[in-house]
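Quick look at query02.txt (compact mmCIF, C-alpha atoms):
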# COMPACT_ATOMS: atom_id res chain seq x y z
CA MET A 1 0.00 0.00 0.00
CA THR A 2 1.26 3.47 -0.86
CA THR A 3 1.48 5.71 2.19
CA ASN A 4 1.04 9.46 2.56
CA SER A 5 4.67 9.79 3.64
CA GLU A 6 5.93 7.89 0.62
CA LEU A 7 3.85 9.96 -1.78
CA PHE A 8 4.93 13.21 -0.13
CA GLU A 9 8.57 12.21 -0.40
CA ARG A 10 8.12 11.43 -4.10
CA ALA A 11 6.15 14.61 -4.64
CA GLN A 12 8.86 16.79 -3.14
CA ARG A 13 11.33 15.46 -5.67
CA VAL A 14 9.27 16.62 -8.66
CA ILE A 15 6.84 19.27 -7.32
CA PRO A 16 7.99 22.40 -5.44
CA GLY A 17 7.19 21.79 -1.80
CA GLY A 18 5.42 18.59 -2.82
CA VAL A 19 2.15 20.44 -3.47
CA ASN A 20 0.64 22.27 -6.41
CA SER A 21 -0.90 24.99 -4.24
CA PRO A 22 0.71 26.33 -1.06
CA VAL A 23 -2.57 26.12 0.87
CA ARG A 24 -2.35 22.33 0.67
CA ALA A 25 1.00 22.23 2.43
CA PHE A 26 1.20 21.54 6.14
CA GLY A 27 3.86 24.18 6.63
CA SER A 28 1.93 26.19 9.21
CA VAL A 29 0.60 23.20 11.17
CA GLY A 30 3.46 20.74 10.75
CA GLY A 31 3.36 17.15 9.63
CA THR A 32 2.74 15.36 6.35
CA PRO A 33 -0.23 16.10 4.09
CA TYR A 34 -2.74 13.33 3.48
CA PHE A 35 -3.18 12.44 -0.20
CA VAL A 36 -6.82 12.00 -1.16
CA ALA A 37 -7.69 8.85 -3.11
CA ARG A 38 -11.45 9.34 -3.39
CA ALA A 39 -14.35 11.28 -1.92
CA GLU A 40 -18.09 11.03 -1.54
CA GLY A 41 -20.54 13.41 0.08
CA ALA A 42 -19.06 14.84 3.26
CA ARG A 43 -16.18 12.34 3.35
CA VAL A 44 -12.76 11.85 1.81
CA TRP A 45 -10.44 8.84 2.00
CA ASP A 46 -6.67 9.08 1.75
CA VAL A 47 -4.36 6.65 -0.03
CA GLU A 48 -3.96 4.66 3.19
CA GLY A 49 -7.71 4.14 3.41
CA THR A 50 -8.26 6.55 6.31
CA GLU A 51 -11.67 8.21 6.25
CA TYR A 52 -12.17 11.87 7.15
CA LEU A 53 -15.26 14.00 7.67
CA ASP A 54 -14.33 16.83 5.37
CA LEU A 55 -14.86 20.52 6.11
CA VAL A 56 -12.48 21.67 3.37
CA GLN A 57 -14.76 20.68 0.47
CA SER A 58 -12.20 21.91 -2.09
CA TYR A 59 -12.08 25.27 -0.29
CA GLY A 60 -15.74 25.84 -0.95
CA ALA A 61 -15.86 24.66 -4.56
CA ILE A 62 -17.89 21.60 -3.54
CA ILE A 63 -21.26 22.71 -2.20
CA GLY A 64 -23.43 19.69 -3.01
CA GLY A 65 -20.94 17.20 -1.59
CA HIS A 66 -18.13 15.27 -3.21
CA ALA A 67 -19.03 13.23 -6.30
CA HIS A 68 -22.65 14.36 -6.30
CA PRO A 69 -24.46 12.03 -8.73
CA LYS A 70 -26.03 14.86 -10.75
CA VAL A 71 -22.71 16.68 -11.13
CA ILE A 72 -20.85 13.50 -12.05
CA GLU A 73 -23.47 12.57 -14.64
CA ALA A 74 -23.31 16.07 -16.14
CA ILE A 75 -19.52 15.81 -16.46
CA ARG A 76 -19.69 12.28 -17.89
CA SER A 77 -22.30 13.25 -20.46
CA ALA A 78 -20.36 16.34 -21.51
CA ALA A 79 -17.06 14.44 -21.75
CA LEU A 80 -18.56 11.97 -24.20
CA ASP A 81 -19.07 14.88 -26.60
CA GLY A 82 -15.49 16.14 -26.22
CA THR A 83 -13.53 18.00 -23.56
CA SER A 84 -12.55 21.25 -25.29
CA TYR A 85 -13.27 22.84 -28.65
CA GLY A 86 -11.85 26.35 -28.78
CA ALA A 87 -15.30 27.37 -30.03
CA PRO A 88 -18.49 28.60 -28.31
CA THR A 89 -20.93 26.15 -26.74
CA GLU A 90 -24.54 26.42 -25.62
CA ARG A 91 -23.64 25.75 -22.00
CA GLU A 92 -21.53 28.93 -21.87
CA VAL A 93 -24.68 30.87 -22.67
CA LEU A 94 -26.68 28.91 -20.11
CA VAL A 95 -24.15 29.62 -17.34
CA ALA A 96 -24.07 33.33 -18.17
CA GLU A 97 -27.88 33.42 -18.17
CA ALA A 98 -27.99 31.58 -14.84
CA VAL A 99 -25.53 33.98 -13.23
CA SER A 100 -27.28 37.05 -14.63
CA GLU A 101 -30.68 35.82 -13.48
CA ARG A 102 -29.45 35.19 -9.94
CA VAL A 103 -27.29 38.32 -9.65
CA PRO A 104 -29.03 41.33 -11.21
CA SER A 105 -25.87 43.49 -11.08
CA CYS A 106 -24.33 41.11 -13.64
CA GLU A 107 -26.07 42.21 -16.81
CA LYS A 108 -23.34 40.50 -18.81
CA VAL A 109 -20.85 37.79 -17.83
CA ARG A 110 -17.44 36.70 -19.14
CA MET A 111 -16.18 33.25 -18.21
CA VAL A 112 -12.54 32.53 -17.42
CA SER A 113 -10.69 29.56 -15.92
CA SER A 114 -9.96 30.69 -12.36
CA GLY A 115 -10.82 33.25 -9.72
CA THR A 116 -7.40 34.83 -10.19
CA GLU A 117 -8.16 35.43 -13.87
CA ALA A 118 -11.49 36.95 -12.92
CA THR A 119 -10.03 39.48 -10.48
CA MET A 120 -7.06 40.33 -12.70
CA THR A 121 -9.35 41.10 -15.62
CA ALA A 122 -11.87 42.98 -13.48
CA LEU A 123 -9.06 45.32 -12.42
CA ARG A 124 -7.94 45.80 -16.02
CA LEU A 125 -11.51 46.51 -17.03
CA ALA A 126 -11.94 49.05 -14.23
CA ARG A 127 -8.78 50.84 -15.25
CA GLY A 128 -9.80 50.79 -18.88
CA ALA A 129 -13.27 52.11 -18.09
CA THR A 130 -12.14 54.94 -15.82
CA GLY A 131 -8.81 55.89 -17.36
CA ARG A 132 -7.37 55.76 -13.86
CA THR A 133 -4.63 53.55 -12.43
CA LYS A 134 -4.96 53.23 -8.65
CA VAL A 135 -6.63 50.26 -6.98
CA VAL A 136 -7.79 50.10 -3.37
CA LYS A 137 -7.82 46.73 -1.62
CA PHE A 138 -8.25 45.71 1.99
CA ALA A 139 -5.61 44.11 4.17
CA GLY A 140 -6.38 40.44 4.66
CA ASN A 141 -8.55 40.11 1.56
CA TYR A 142 -7.25 37.58 -0.97
CA HIS A 143 -8.05 38.12 -4.63
CA GLY A 144 -5.83 35.56 -6.31
CA HIS A 145 -2.14 35.61 -7.10
CA GLY A 146 -2.04 38.46 -9.60
CA ASP A 147 0.89 40.77 -8.90
CA ALA A 148 -1.14 43.91 -8.19
CA LEU A 149 -3.31 42.18 -5.59
CA LEU A 150 -0.78 40.18 -3.59
CA ALA A 151 -0.11 42.96 -1.09
CA GLU A 152 -1.33 41.89 2.39
CA SER A 153 -3.40 39.05 0.99
CA GLY A 154 -4.55 37.19 4.07
CA SER A 155 -4.20 33.41 4.01
CA ALA A 156 -2.16 33.51 0.81
CA VAL A 157 0.82 35.27 2.37
CA ALA A 158 0.13 35.32 6.10
CA HIS A 159 2.98 32.89 6.72
CA LEU A 160 5.32 34.33 4.08
CA ASP A 161 5.19 38.04 4.78
CA PRO A 162 5.78 38.82 8.46
CA VAL A 163 6.18 42.57 7.92
CA HIS A 164 3.14 44.41 6.62
CA SER A 165 2.73 47.96 5.42
CA PRO A 166 -0.27 49.97 4.21
CA ASP A 167 1.79 51.35 1.33
CA GLY A 168 1.40 48.51 -1.16
CA VAL A 169 4.41 46.37 -0.29
CA PRO A 170 4.66 43.19 -2.40
CA GLY A 171 3.51 40.09 -0.58
CA SER A 172 5.68 37.78 -2.67
CA ALA A 173 9.20 37.62 -4.03
CA GLY A 174 9.18 38.18 -7.76
CA VAL A 175 6.60 40.96 -7.56
CA PRO A 176 8.40 44.21 -8.31
CA PRO A 177 7.47 47.30 -6.29
CA THR A 178 6.19 48.88 -9.50
CA ALA A 179 3.53 46.17 -9.76
CA VAL A 180 1.93 47.28 -6.49
CA ALA A 181 2.87 50.95 -6.64
CA GLU A 182 -0.69 51.75 -7.66
CA THR A 183 -2.23 49.42 -5.07
CA LEU A 184 -3.40 51.12 -1.90
CA VAL A 185 -3.98 48.77 1.06
CA VAL A 186 -6.39 49.93 3.75
CA PRO A 187 -7.97 48.33 6.85
CA TYR A 188 -11.01 46.12 6.35
CA ASN A 189 -14.28 47.38 7.78
CA GLN A 190 -13.21 51.02 7.44
CA VAL A 191 -14.49 53.11 4.52
CA PRO A 192 -11.48 54.88 2.98
CA THR A 193 -11.56 58.42 1.63
CA LEU A 194 -10.97 58.18 -2.13
CA ASP A 195 -9.89 60.68 -4.75
CA ASP A 196 -10.21 60.94 -8.50
CA THR A 197 -7.09 58.85 -9.14
CA VAL A 198 -8.76 55.65 -7.90
CA ALA A 199 -10.06 53.33 -10.61
CA CYS A 200 -11.72 50.85 -8.28
CA VAL A 201 -12.14 49.39 -4.85
CA ILE A 202 -12.06 45.60 -4.65
CA VAL A 203 -13.36 43.82 -1.56
CA GLU A 204 -14.43 40.47 -0.19
CA PRO A 205 -17.95 41.35 0.99
CA ILE A 206 -17.44 38.73 3.70
CA ALA A 207 -13.75 38.30 4.43
CA ALA A 208 -12.92 34.60 4.37
CA ASN A 209 -9.14 34.56 3.95
CA MET A 210 -8.16 35.95 7.35
CA GLY A 211 -10.38 33.57 9.19
CA LEU A 212 -13.99 34.66 8.96
CA VAL A 213 -14.60 38.39 9.39
CA ALA A 214 -18.04 39.75 8.59
CA PRO A 215 -18.56 43.31 7.38
CA VAL A 216 -19.67 45.71 10.10
CA PRO A 217 -23.01 47.45 9.53
CA GLY A 218 -22.70 50.20 6.93
CA PHE A 219 -19.27 49.17 5.63
CA LEU A 220 -20.32 47.84 2.23
CA ALA A 221 -22.96 50.53 1.73
CA GLY A 222 -20.35 53.12 2.66
CA LEU A 223 -18.00 51.77 0.00
CA ARG A 224 -20.76 52.10 -2.59
CA THR A 225 -21.39 55.71 -1.59
CA GLU A 226 -17.69 56.66 -1.55
CA CYS A 227 -17.05 55.05 -4.94
CA ASP A 228 -19.99 56.93 -6.40
CA ARG A 229 -18.70 60.20 -4.94
CA VAL A 230 -15.43 60.05 -6.88
CA GLY A 231 -16.50 57.99 -9.89
CA ALA A 232 -14.59 54.85 -8.92
CA LEU A 233 -15.92 51.34 -9.58
CA LEU A 234 -16.84 48.94 -6.79
CA ILE A 235 -15.78 45.32 -7.33
CA PHE A 236 -17.09 42.50 -5.15
CA ASP A 237 -14.87 39.44 -5.04
CA GLU A 238 -17.51 36.75 -4.52
CA VAL A 239 -15.31 33.83 -5.50
CA ILE A 240 -16.08 32.32 -2.08
CA THR A 241 -19.42 33.94 -1.22
CA GLY A 242 -21.01 33.81 -4.66
CA PHE A 243 -23.88 31.28 -4.68
CA ARG A 244 -22.70 29.95 -1.31
CA VAL A 245 -24.10 32.43 1.20
CA ALA A 246 -27.25 33.18 -0.80
CA ARG A 247 -28.81 32.63 -4.20
CA GLY A 248 -27.67 36.10 -5.24
CA GLY A 249 -24.44 36.06 -3.29
CA ALA A 250 -23.36 38.40 -0.51
CA GLN A 251 -24.56 41.41 -2.48
CA ALA A 252 -28.11 40.12 -2.18
CA THR A 253 -27.69 39.54 1.54
CA PHE A 254 -26.36 43.04 2.21
CA GLU A 255 -28.38 44.76 -0.53
CA VAL A 256 -25.37 46.54 -2.04
CA ARG A 257 -24.98 46.53 -5.82
CA PRO A 258 -21.37 46.51 -7.09
CA ASP A 259 -20.31 47.54 -10.58
CA LEU A 260 -18.40 44.31 -11.18
CA THR A 261 -18.47 40.91 -9.46
CA CYS A 262 -15.95 38.07 -9.59
CA PHE A 263 -17.02 34.44 -9.24
CA GLY A 264 -15.45 30.98 -9.05
CA LYS A 265 -15.72 27.85 -6.91
CA VAL A 266 -19.41 26.90 -6.97
CA ILE A 267 -20.07 27.68 -10.64
CA GLY A 268 -17.53 25.04 -11.64
CA GLY A 269 -19.11 22.25 -9.63
CA GLY A 270 -15.64 21.23 -8.49
CA LEU A 271 -13.90 21.88 -11.81
CA ASN A 272 -11.62 24.83 -12.51
CA VAL A 273 -13.61 27.86 -13.55
CA GLY A 274 -14.06 31.55 -12.91
CA ALA A 275 -16.21 34.37 -14.19
CA PHE A 276 -16.84 38.06 -13.76
CA GLY A 277 -19.84 40.14 -14.62
CA GLY A 278 -21.28 43.60 -14.28
CA ARG A 279 -23.04 46.46 -15.97
CA ALA A 280 -23.49 45.97 -19.70
CA ASP A 281 -21.76 49.25 -20.58
CA LEU A 282 -18.67 48.16 -18.65
CA MET A 283 -18.61 44.60 -19.92
CA ASP A 284 -18.93 45.78 -23.51
CA LEU A 285 -15.52 47.43 -23.15
CA LEU A 286 -14.02 43.93 -23.32
CA ALA A 287 -12.63 42.55 -26.57
CA PRO A 288 -13.95 41.85 -29.14
CA LEU A 289 -16.32 44.81 -28.66
CA GLY A 290 -14.00 47.17 -26.83
CA PRO A 291 -10.36 48.05 -26.14
CA VAL A 292 -9.84 45.99 -22.95
CA TYR A 293 -8.25 42.69 -23.90
CA GLN A 294 -8.92 39.34 -22.26
CA ALA A 295 -8.86 35.85 -23.74
CA GLY A 296 -8.64 32.19 -22.74
CA THR A 297 -8.61 29.02 -24.80
CA LEU A 298 -10.29 27.02 -22.03
CA SER A 299 -12.71 29.75 -20.91
CA GLY A 300 -16.21 28.29 -20.77
CA ASN A 301 -14.81 24.75 -20.85
CA PRO A 302 -17.55 22.21 -21.70
CA LEU A 303 -16.91 20.02 -18.65
CA ALA A 304 -16.75 22.95 -16.23
CA THR A 305 -19.92 24.57 -17.55
CA ALA A 306 -21.77 21.25 -17.38
CA ALA A 307 -20.66 20.72 -13.78
CA GLY A 308 -21.46 24.31 -12.87
CA LEU A 309 -24.97 24.16 -14.25
CA ALA A 310 -25.62 20.95 -12.34
CA ALA A 311 -24.28 22.49 -9.11
CA LEU A 312 -26.35 25.65 -9.50
CA ASP A 313 -29.43 23.54 -10.15
CA LEU A 314 -29.07 22.08 -6.66
CA LEU A 315 -29.25 25.50 -5.06
CA ASP A 316 -32.88 26.47 -4.63
CA ASP A 317 -34.28 28.39 -1.67
CA GLY A 318 -34.64 25.18 0.30
CA ALA A 319 -30.95 24.42 -0.19
CA TYR A 320 -29.90 27.76 1.29
CA GLU A 321 -32.24 27.29 4.23
CA GLN A 322 -30.61 23.91 4.80
CA LEU A 323 -27.08 25.28 4.42
CA THR A 324 -27.73 28.10 6.86
CA GLY A 325 -29.17 25.69 9.40
CA THR A 326 -26.23 23.34 8.97
CA ALA A 327 -23.71 26.15 9.47
CA ALA A 328 -25.54 27.35 12.58
CA ARG A 329 -25.64 23.81 14.02
CA LEU A 330 -21.92 23.38 13.32
CA ALA A 331 -20.91 26.78 14.74
CA ASP A 332 -22.99 26.42 17.88
CA GLY A 333 -21.86 22.85 18.42
CA LEU A 334 -18.18 23.62 17.94
CA ALA A 335 -18.33 26.65 20.22
CA GLN A 336 -19.89 24.59 23.00
CA ALA A 337 -17.49 21.67 22.53
CA LEU A 338 -14.27 23.68 22.21
CA GLN A 339 -15.03 26.30 24.84
CA GLY A 340 -16.43 23.65 27.15
CA ALA A 341 -13.06 21.92 27.08
CA GLY A 342 -11.38 25.14 28.17
CA LEU A 343 -10.02 26.39 24.84
CA THR A 344 -9.99 30.14 24.25
CA VAL A 345 -11.65 30.11 20.84
CA GLN A 346 -14.43 31.91 19.03
CA VAL A 347 -16.58 30.29 16.32
CA PRO A 348 -17.98 33.06 14.11
CA ARG A 349 -20.62 32.38 11.48
CA ALA A 350 -21.61 34.49 8.49
CA GLY A 351 -24.54 32.88 6.74
CA THR A 352 -23.31 29.50 5.52
CA LEU A 353 -19.64 30.09 6.42
CA VAL A 354 -18.03 29.14 9.74
CA GLY A 355 -14.70 30.27 11.18
CA LEU A 356 -12.34 29.56 14.07
CA PHE A 357 -10.48 32.31 15.92
CA PHE A 358 -8.21 31.47 18.84
CA GLY A 359 -8.53 34.54 21.00
CA THR A 360 -10.88 36.32 23.36
CA GLU A 361 -12.61 38.74 20.97
CA LEU A 362 -13.60 38.42 17.34
CA PRO A 363 -11.51 40.60 15.02
CA VAL A 364 -12.91 43.17 12.63
CA ASP A 365 -9.78 43.58 10.48
CA TYR A 366 -6.56 41.87 9.43
CA ALA A 367 -4.52 43.24 12.32
CA GLY A 368 -6.95 41.66 14.73
CA ALA A 369 -7.23 38.46 12.72
CA ARG A 370 -3.47 37.94 12.88
CA GLY A 371 -3.81 37.78 16.65
CA THR A 372 -5.20 34.25 16.42
CA ASP A 373 -3.12 31.63 18.23
CA GLU A 374 -1.69 29.66 15.31
CA ALA A 375 -0.06 27.10 17.60
CA ALA A 376 -3.42 26.38 19.22
CA TYR A 377 -5.00 25.98 15.79
CA ALA A 378 -2.25 23.57 14.74
CA ALA A 379 -2.76 21.49 17.87
CA LEU A 380 -6.51 21.28 17.31
CA PHE A 381 -6.01 20.59 13.60
CA HIS A 382 -3.92 17.50 14.31
CA ALA A 383 -6.12 16.36 17.18
CA LEU A 384 -9.11 16.50 14.83
CA LEU A 385 -7.24 14.89 11.94
CA SER A 386 -6.25 11.96 14.15
CA ARG A 387 -9.95 11.57 14.96
CA GLY A 388 -11.03 11.65 11.34
CA VAL A 389 -12.05 15.30 10.85
CA ALA A 390 -10.27 17.32 8.18
CA LEU A 391 -9.92 21.10 8.37
CA ALA A 392 -7.80 23.28 6.11
CA PRO A 393 -4.14 23.22 7.24
CA GLY A 394 -4.01 26.91 8.06
CA ALA A 395 -5.42 29.15 10.77
CA TYR A 396 -6.68 31.77 8.31
CA GLU A 397 -9.06 29.56 6.33
CA VAL A 398 -12.75 28.91 7.01
CA LEU A 399 -14.96 25.85 7.31
CA PHE A 400 -17.26 24.95 4.43
CA PRO A 401 -20.28 22.89 5.53
CA GLY A 402 -22.32 21.82 2.51
CA LEU A 403 -25.47 20.02 1.51
CA ALA A 404 -23.87 16.65 2.28
CA HIS A 405 -23.27 17.61 5.92
CA THR A 406 -26.41 16.17 7.45
CA ASP A 407 -27.33 16.77 11.08
CA ALA A 408 -25.86 13.38 11.90
CA VAL A 409 -22.56 14.27 10.21
CA VAL A 410 -22.39 17.63 11.99
CA ASP A 411 -23.13 16.00 15.34
CA GLU A 412 -20.36 13.48 14.73
CA ILE A 413 -17.92 16.30 13.90
CA VAL A 414 -18.90 18.12 17.08
CA GLU A 415 -18.50 14.97 19.18
CA ARG A 416 -15.03 14.35 17.77
CA ALA A 417 -14.16 18.03 18.20
CA GLY A 418 -15.05 17.78 21.87
CA ALA A 419 -12.69 14.85 22.34
CA ALA A 420 -9.98 16.63 20.37
CA ALA A 421 -10.37 19.80 22.44
CA ILE A 422 -10.10 17.88 25.71
CA ALA A 423 -6.88 16.29 24.45
CA VAL A 424 -5.46 19.65 23.39
CA ALA A 425 -6.42 21.31 26.65
CA GLY A 426 -4.90 18.44 28.63
CA ALA A 427 -1.66 18.60 26.63
CA GLY A 428 -1.44 22.35 27.18
Just give me the structure of the file as structure tokens.
Amino acid sequence: MTTNSELFERAQRVIPGGVNSPVRAFGSVGGTPYFVARAEGARVWDVEGTEYLDLVQSYGAIIGGHAHPKVIEAIRSAALDGTSYGAPTEREVLVAEAVSERVPSCEKVRMVSSGTEATMTALRLARGATGRTKVVKFAGNYHGHGDALLAESGSAVAHLDPVHSPDGVPGSAGVPPTAVAETLVVPYNQVPTLDDTVACVIVEPIAANMGLVAPVPGFLAGLRTECDRVGALLIFDEVITGFRVARGGAQATFEVRPDLTCFGKVIGGGLNVGAFGGRADLMDLLAPLGPVYQAGTLSGNPLATAAGLAALDLLDDGAYEQLTGTAARLADGLAQALQGAGLTVQVPRAGTLVGLFFGTELPVDYAGARGTDEAAYAALFHALLSRGVALAPGAYEVLFPGLAHTDAVVDEIVERAGAAAIAVAGAG
């Protein structure tokens, strides 16, 4: 039998760090990653046959549960007709129509292959539309690994960039200062004062890359007002929140209409996909109609659009009611189990998203979020993993309960979390 350790050793010889995305590494929690062999519903199994109750769910991309029969059948059926054409397909139109119908601010939609592509192009479009160059982002918000947006990017660089500055300091080697010279980084949950050099403000409407930090009342509406005052565009990065927290995303929940919105995760049904949409007059500035260039051979991929349509079809009003109830049950149960064992931990919830913060008071910005006790998270992570519950291997990620997390599954997670917390508290 192949073991996780053997695979990780082999992987490190041919893959940098042994992983194809840094968030999969166990660098911040220690130990060896488990290599998934298969998954179903709320569970994954590693190559050694160990079963885990999974709260990672492909970092939110899986909302109906792993290997959902309707999604798998959609992919299988599409694959039989071919996997990529380099030509338009009907399903691209259907996905765009589905997004536009659910999110009224998205009068037109352009599909891409990742959330990073979506945010990069949304910035280019904003600059092209306004003729301005400066971009405002919020410390702790992650918008993909495009150069201009890597400054203070929450979970992406929290362990790589120990010194932070509000002046647009690169969060990665290889990003020249010129790439972020026009990026202004400001505190989350504070409405900045803008001027007429700002092309756009980009924000996670619910911050989910510095743990889980909800917007304070008036924050998002204040951004809308301030952008309107100076003629800047407001971009919502709903790669995580889009179609997860509500049928119309976070913008429907908070009743704030952005100019552009970026999507990913759910609309791919577990396959790699991204999209962005917005006002028709803005979107029509994209090539081939306008001067703002963007292209992608695999954009609107037949398999991804088939999977995305199947995933969106699962998400009716009843599904969101179920998801919200599941998240509440998980958050309340974890808080009681972990705090009852004596751990100093908060379990915030924002709609269908759940977080863990190891401290006495919930943060409202990145500075506060970085006060979480990473060592305590690592201890709980391994205590849970040894008891068959998988969290993301990083203290700045969130938990993603989905439609496959039944009450019985949630109760089992909570029971195991209680045992794990007692072990951690005893060891401390």
Do a neighbour search on range 238-247 of chain A at 7 Å with only C-alpha atoms, toss out local chain neighbours closer than 3 positions, and write the hits as a list in words.
->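 Here the answer would be Gly60, Arg102, Gly115, Glu204, Ala250, Thr253, Thr261, Cys262, Phe263, Gly264, Lys265, Val266, Tyr320, Gly351 and Thr352 of chain A.
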Excluding same-chain residues fewer than 5 positions from range 328-338 of chain A, what lies within 6 Å of it counting only C-alpha atoms, as JSON, numbers by chain?
-> {"A": [343, 347, 410, 414, 418, 421]}
One-decimal distance in Å that lies between CA of Gln57 in chain A and CA of Leu399 in chain A = 8.6 Å
Calculate how many Å separate CA of Ser114 in chain A from CA of Ser299 in chain A, rounding to one decimal.
->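 Value for the CA of Ser114 in chain A-CA of Ser299 in chain A distance: 9.0 Å.
Summary of the local environment: counting all atoms listed in the file, residues at most 9 Å from Arg224 in chain A, other than itself and those fewer than 2 positions away along its chain, are Phe219, Leu220, Ala221, Gly222, Glu226, Cys227, Asp228, Arg229, Leu233, Leu234, Val256, Arg257 and Pro258 of chain A.
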Pick the closest to Cys200 in chain A from A:Ile267, A:Leu125, A:Val112, A:Val175: which is it, counting only C-alpha atoms?
-> A:Leu125
Skipping near chain neighbours, those fewer than 6 positions away, what residues fall within 9 Å of range 4-6 of chain A using all atoms listed in the file, listed as a PyMOL selection string?
-> chain A and resi 32-35+46-48
Box for range 19-29 of chain A - axis-aligned, 8 Å on each of the six sides, all listed atoms - centre and size in Å to one decimal, as JSON.
{"center_x": 0.6, "center_y": 23.4, "center_z": 2.4, "size_x": 22.4, "size_y": 21.9, "size_z": 33.6}
By how many Å are CA of Gly174 in chain A and CA of Ala11 in chain A apart?
->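 About the pair CA of Gly174 in chain A and CA of Ala11 in chain A: they are 24.0 Å apart.
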Point out the residue among A:Gly146, A:Pro363, A:Pro88, A:Gly64 with the least atom-to-atom distance to Leu123 in chain A, counting all atoms listed in the file.
->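 The shortest atom-to-atom distance to Leu123 in chain A comes from A:Gly146.
The smallest atom-to-atom distance between Ala232 in chain A and any of A:Glu40, A:Asp195, A:Asp313, A:Glu255, using only C-alpha atoms, is found for A:Asp195.
Considering the residues A:Arg13, A:Arg91, A:Arg127, A:Arg110 and counting only C-alpha atoms, Ala78 in chain A has its shortest atom-to-atom contact with A:Arg91.
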Find the spatial neighbours of Val354 in chain A, counting only C-alpha atoms, within a cut-off of 6 Å - ignore same-chain residues fewer than 5 positions away - and output them as a PyMOL selection string.
-> chain A and resi 348-349+398-399
Would you mind telling me which residue in A:Gly269, A:Gly318, A:Gly300, A:Gly371 lies nearest to Ala74 in chain A when using all atoms listed in the file?
->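 Answer, going by the shortest atom-to-atom distance: A:Gly269.
Candidate residues A:Lys137, A:Arg132, A:Arg10, A:His145 were compared for distance to Ile202 in chain A, and the nearest is A:Lys137, using only C-alpha atoms.
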